[in-house]
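Q: Handing you a structure now.
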Amino acid sequence: MEWIIATLLLALVVSLVWGWRQRTRTQQPPSLPESSPDAFSSLFHAAAVAFDDGLVLVDVDRRVRYLNAQAEELLNLNRTMSVGQGLIALARDYQVDALVEEAISSAEPRESIFQPLGRQRMLRLRAVPLDHGTQGALLLVRDVTQLSQLERSRRDLVANVSHELRTPLASIKLLVETLQSEPPAPVAQRMLSQIAQEVDAITQLVEELHELSQIESGRVALQLVPTPVAPLIERAIERIRPQLERKNLQITARVPDHLPHALIDENRIGQVLLNLLHNASKFTPDGGRVTIEADVITIGNGSPAPPGMPLSHLPGQWLLVSVTDNGIGIPANDLSRIFERFYKVDRARTRNAGGTGLGLAIAKHLVEGHGGRIWALSVEGEGSTFYLTLPVS
Ligand code: ADP
């Protein structure tokens with residue numbers, strides 16, 4: 001659709017340039033479309049304004065003859081100063097000028113991806129020669145930042161999944177080969193249970209990936225019901241208790257009486273709490289302490305915000321739940337990244353702990369799906385606190 005509009009624009013531009021050339025033989029208009037009083041000119045303006053892409057029209061010497069507001073914004077130009085100036089002086093980047101120059105001299109369209117200096121943006125530039133380049137060129141500028149981020153995260157996902165699968169598959173292969181050499185029965189038994197563990201790890205990865213993709217594609221509908229928080233916390237603790245006891249960890253829950261109900265999907269938030277408790281126990285050495293607390297808080301209205309709360313938090317009354325451990329902690333540099341898919345602080349450090357690096361990414365989606373936020377504070381070597389907010393019913 002956009003390319004149809006682009007072609008239409010191109011046809012308009014060619015006719016305008018032609019008209020302008022005829023006129024410039026007798027007079028000097030300030031810039032091309034403004035100087036064309038005919039129907040084409042107003043059609044051109046209407047199309048250029050409605051168009052999502054930036055549009056720059058240059059003459060054969062690559063002097064700017066016209067640009068729309070989108071081009072001005074995308075290329076960070078000053079429109080009043082731009083008309084009549086050379087493209088290189090305006091775009092302050094040889095890449096843009098070289099692309100247009102190539103399109104004009106070769107009489108072929110040229111395309112490239114361009115990252116303006118000092119900006120996080122990715123732009124796709126397409127230079128189309130006008131009348132085989134004899135009339136200059138039309139430069140179309142499209143913001144593809146989001147597209148390239150998507151592309152990068154797709155590539156990262158494939159790389160991460162294959163990395164996560166390679167390790168268990170390699171050890172299964174090794175174990176099977178050893179079993180084929182018929183080791184003594186007790187050794188074979190041990191190997192079989194190692195194989196079962198590796199298969200469990202792969203199954204967990206596949207299940208979490210599936211869940212994440214369901215959540216990300218919006219196919220998980222939350223069943224929001226007013227829910228008392230204390231029993232929810234109690235159930236999560238009961239589920240994690242065997243793991244806590246195995247490591248001799250002490251758990252404390254602090255939930256005041258008469259806390260307002262939370263408006264949540266009980267199963268989903270139960271899953272988030274379980275994940276946080278599971279991590280707390282996984283990353284806390286034997287004999288450590290884990291504490292889970294809940295309280296009602298007011299955000300905004302001059303009330304002090306909980307430590308580290310993201311600025312994007314909505315004001316109002318919320319339930320704040322926190323899970324604190326005195327375990328290995330998280331280095332400051334990693335803290336902001338642990339909610340990313342597959343992010344693990346230090347693979348060597350956490351290898352024995354197991355885990356896919358997907359748990360917190362899923363938790364973030366679920367909490368934000370409720371309108372709340374999840375974040376963490378930590379001191380390496382001393383412990384971590386994970387906070388999450390839930391809407392009050
Ligand atoms: P995993 O399946 O690896 O636990 P998560 O997404 O739940 O994945 O956690 C991501 C990473 O964050 C973990 O691998 C670990 O490095 C770090 N992490 C999470 N919770 C804690 C914690 N309580 N203490 C220390 N590090 C933690």
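Going by the structure tokens order, chains are called A, B, ..., each with residues numbered from 1, while ligands are numbered from 1 in the order shown.
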Using only C-alpha atoms and all ligand atoms, which protein or nucleic acid residues are at most 9 Å from ligand 1, as number ranges by chain?

A: A: 275-284, 323-331, 334-335, 337-347, 349-351, 353-363, 376, 378, 380, 383-386

Q: List as a list in words the protein and nucleic acid residues near segment 311-316 of chain A, meaning an atom at most 7 Å away when only C-alpha atoms are counted, but skip any in the same chain fewer than 4 places from it.

A: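 In the requested format, the answer is Thr298, Ile299, Gly300 and Arg373 of chain A.
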
Q: With the cut-off set at 6 Å and counting only C-alpha atoms, tabulate each residue of segment 130-218 of chain A with an atom at most that distance from an atom of segment 41-62 of chain A, showing the nearest atom pair and its distance in Å to one decimal, ordered by chain and increasing number, as JSON lines.

A:
{"residue": "A:Gln135", "atom": "CA", "partner": "A:Val60", "partner_atom": "CA", "distance": 5.6}
{"residue": "A:Gly136", "atom": "CA", "partner": "A:Val60", "partner_atom": "CA", "distance": 3.8}
{"residue": "A:Ala137", "atom": "CA", "partner": "A:Val58", "partner_atom": "CA", "distance": 5.5}
{"residue": "A:Leu138", "atom": "CA", "partner": "A:Leu57", "partner_atom": "CA", "distance": 4.7}
{"residue": "A:Leu139", "atom": "CA", "partner": "A:Val56", "partner_atom": "CA", "distance": 4.9}
{"residue": "A:Leu140", "atom": "CA", "partner": "A:Leu55", "partner_atom": "CA", "distance": 4.8}
{"residue": "A:Val141", "atom": "CA", "partner": "A:Gly54", "partner_atom": "CA", "distance": 4.6}
{"residue": "A:Arg142", "atom": "CA", "partner": "A:Asp53", "partner_atom": "CA", "distance": 5.0}

Q: Ranking A:His163, A:Leu377, A:Asp295, A:Leu366 by minimum distance to Met309 of chain A and counting only C-alpha atoms, which one comes first?

A: A:Leu377

Q: Hey, what does DSSP flag as strand (DSSP E or B) within segment 56-177 of chain A? Can you give it to me as a PDB file with C-alpha atoms, in the first residue's frame?

A:
ATOM      1  CA  VAL A  56      13.164  14.678   0.474  1.00  0.00           C
ATOM      2  CA  LEU A  57      13.336  15.907  -3.090  1.00  0.00           C
ATOM      3  CA  VAL A  58      16.783  16.883  -4.366  1.00  0.00           C
ATOM      4  CA  ARG A  63      20.399  20.432  -3.348  1.00  0.00           C
ATOM      5  CA  VAL A  64      17.202  20.011  -1.340  1.00  0.00           C
ATOM      6  CA  ARG A  65      14.124  21.277  -3.191  1.00  0.00           C
ATOM      7  CA  TYR A  66      11.456  19.985  -0.877  1.00  0.00           C
ATOM      8  CA  LEU A  67      11.077  17.987   2.322  1.00  0.00           C
ATOM      9  CA  GLY A  86      23.167  20.722  -0.213  1.00  0.00           C
ATOM     10  CA  ARG A 110      19.367   2.553  -4.025  1.00  0.00           C
ATOM     11  CA  GLU A 111      18.532   1.484  -0.486  1.00  0.00           C
ATOM     12  CA  SER A 112      20.399   1.310   2.802  1.00  0.00           C
ATOM     13  CA  ILE A 113      19.929   1.232   6.556  1.00  0.00           C
ATOM     14  CA  PHE A 114      21.232   4.266   8.371  1.00  0.00           C
ATOM     15  CA  LEU A 123      16.291   4.564   9.345  1.00  0.00           C
ATOM     16  CA  ARG A 124      15.785   2.892   6.006  1.00  0.00           C
ATOM     17  CA  LEU A 125      16.744   5.232   3.180  1.00  0.00           C
ATOM     18  CA  ARG A 126      15.535   4.657  -0.340  1.00  0.00           C
ATOM     19  CA  ALA A 127      16.774   6.944  -3.102  1.00  0.00           C
ATOM     20  CA  VAL A 128      14.805   6.869  -6.346  1.00  0.00           C
ATOM     21  CA  PRO A 129      16.262   8.671  -9.392  1.00  0.00           C
ATOM     22  CA  ALA A 137      16.168  12.086  -6.918  1.00  0.00           C
ATOM     23  CA  LEU A 138      13.494  11.417  -4.343  1.00  0.00           C
ATOM     24  CA  LEU A 139      14.717  10.208  -0.968  1.00  0.00           C
ATOM     25  CA  LEU A 140      12.266   8.199   1.138  1.00  0.00           C
ATOM     26  CA  VAL A 141      13.111   7.858   4.824  1.00  0.00           C
ATOM     27  CA  ARG A 142      11.408   5.260   6.993  1.00  0.00           C
ATOM     28  CA  ASP A 143      11.854   4.654  10.721  1.00  0.00           C
TER      29      ASP A 143
END

Q: Suppose you want the space between atom CA of Arg268 of chain A and atom CA of His370 of chain A; what is it in Å?

A: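 Separation between atom CA of Arg268 of chain A and atom CA of His370 of chain A: 10.0 Å.
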
Q: Expressed in Å to a single decimal, how great is the separation between atom CA of Arg155 of chain A and atom CA of Ser213 of chain A?

A: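 Value for the atom CA of Arg155 of chain A-atom CA of Ser213 of chain A distance: 15.1 Å.
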
Q: Give me, as a VMD selection string, all polymer residues having an atom no more than 10 Å from Arg121 of chain A, counting only C-alpha atoms and skipping those fewer than 6 positions away in the same chain.

A: chain A and resid 74 to 75 114 to 115 143 to 146 148

Q: Do you have the atom CA of Glu73 of chain A-atom CA of Leu99 of chain A distance handy?

A: 19.6 Å

Q: When you count only C-alpha atoms, which of these residues is closest to Gln204 of chain A: A:Leu90, A:Leu165, A:Gln149, A:Thr291?

A: A:Leu165

Q: Pick the closest to Leu319 of chain A from A:Arg239, A:His261, A:Arg152, A:Lys364: which is it, counting only C-alpha atoms?

A: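 For Leu319 of chain A, the nearest of the candidates is A:His261.
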
Q: Which residues in segment 106-341 of chain A does DSSP call helix (DSSP H, G or I)? List them as a ChimeraX atom specification.

A: /A:106,145-180,185-216,229-246,266-282,332-335

Q: Smallest atom-to-atom distance to Pro168 of chain A: which of A:Asp200, A:Glu208, A:Asp97, A:Glu234, using only C-alpha atoms?

A: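 That would be A:Asp200, the residue with the smallest distance to Pro168 of chain A.
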
Q: Please provide the set of residues having any atom within 8 Å of Leu175 of chain A, restricted to only C-alpha atoms, with same-chain residues fewer than 6 positions apart removed, written as an MDAnalysis selection string.

A: chainID A and resid 191:192 195

Q: Write out as a list in words which residues come within 12 Å of Glu238 of chain A when counting only C-alpha atoms, dropping same-chain ones fewer than 4 positions away.

A: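 Answer for this query is Pro231, Leu232, Ile233, Glu234, Pro242, Gln243, Leu244, Glu245, Ile251, Ala253, Gly270, Leu273, Leu274, Leu277 and His278 of chain A.
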
Q: Next, dump the selected residues to file, keeping only C-alpha atoms, as an mmCIF file, in the first residue's frame.

A:
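part-v3.cif, written as the output of this step:
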data_model
loop_
_atom_site.group_PDB
_atom_site.id
_atom_site.type_symbol
_atom_site.label_atom_id
_atom_site.label_comp_id
_atom_site.auth_asym_id
_atom_site.auth_seq_id
_atom_site.Cartn_x
_atom_site.Cartn_y
_atom_site.Cartn_z
ATOM 1 C CA PRO A 231 -3.719 -17.531 51.729
ATOM 2 C CA LEU A 232 -2.090 -17.086 48.314
ATOM 3 C CA ILE A 233 1.277 -16.483 49.970
ATOM 4 C CA GLU A 234 0.682 -19.375 52.363
ATOM 5 C CA PRO A 242 10.367 -29.203 50.557
ATOM 6 C CA GLN A 243 13.019 -27.256 48.650
ATOM 7 C CA LEU A 244 13.545 -24.862 51.576
ATOM 8 C CA GLU A 245 13.876 -27.746 54.016
ATOM 9 C CA ILE A 251 11.183 -18.740 55.854
ATOM 10 C CA ALA A 253 5.898 -14.455 56.090
ATOM 11 C CA GLY A 270 0.618 -17.681 42.542
ATOM 12 C CA LEU A 273 5.311 -15.812 43.829
ATOM 13 C CA LEU A 274 6.431 -19.406 43.449
ATOM 14 C CA LEU A 277 10.506 -18.026 46.211
ATOM 15 C CA HIS A 278 12.093 -20.693 44.048
#
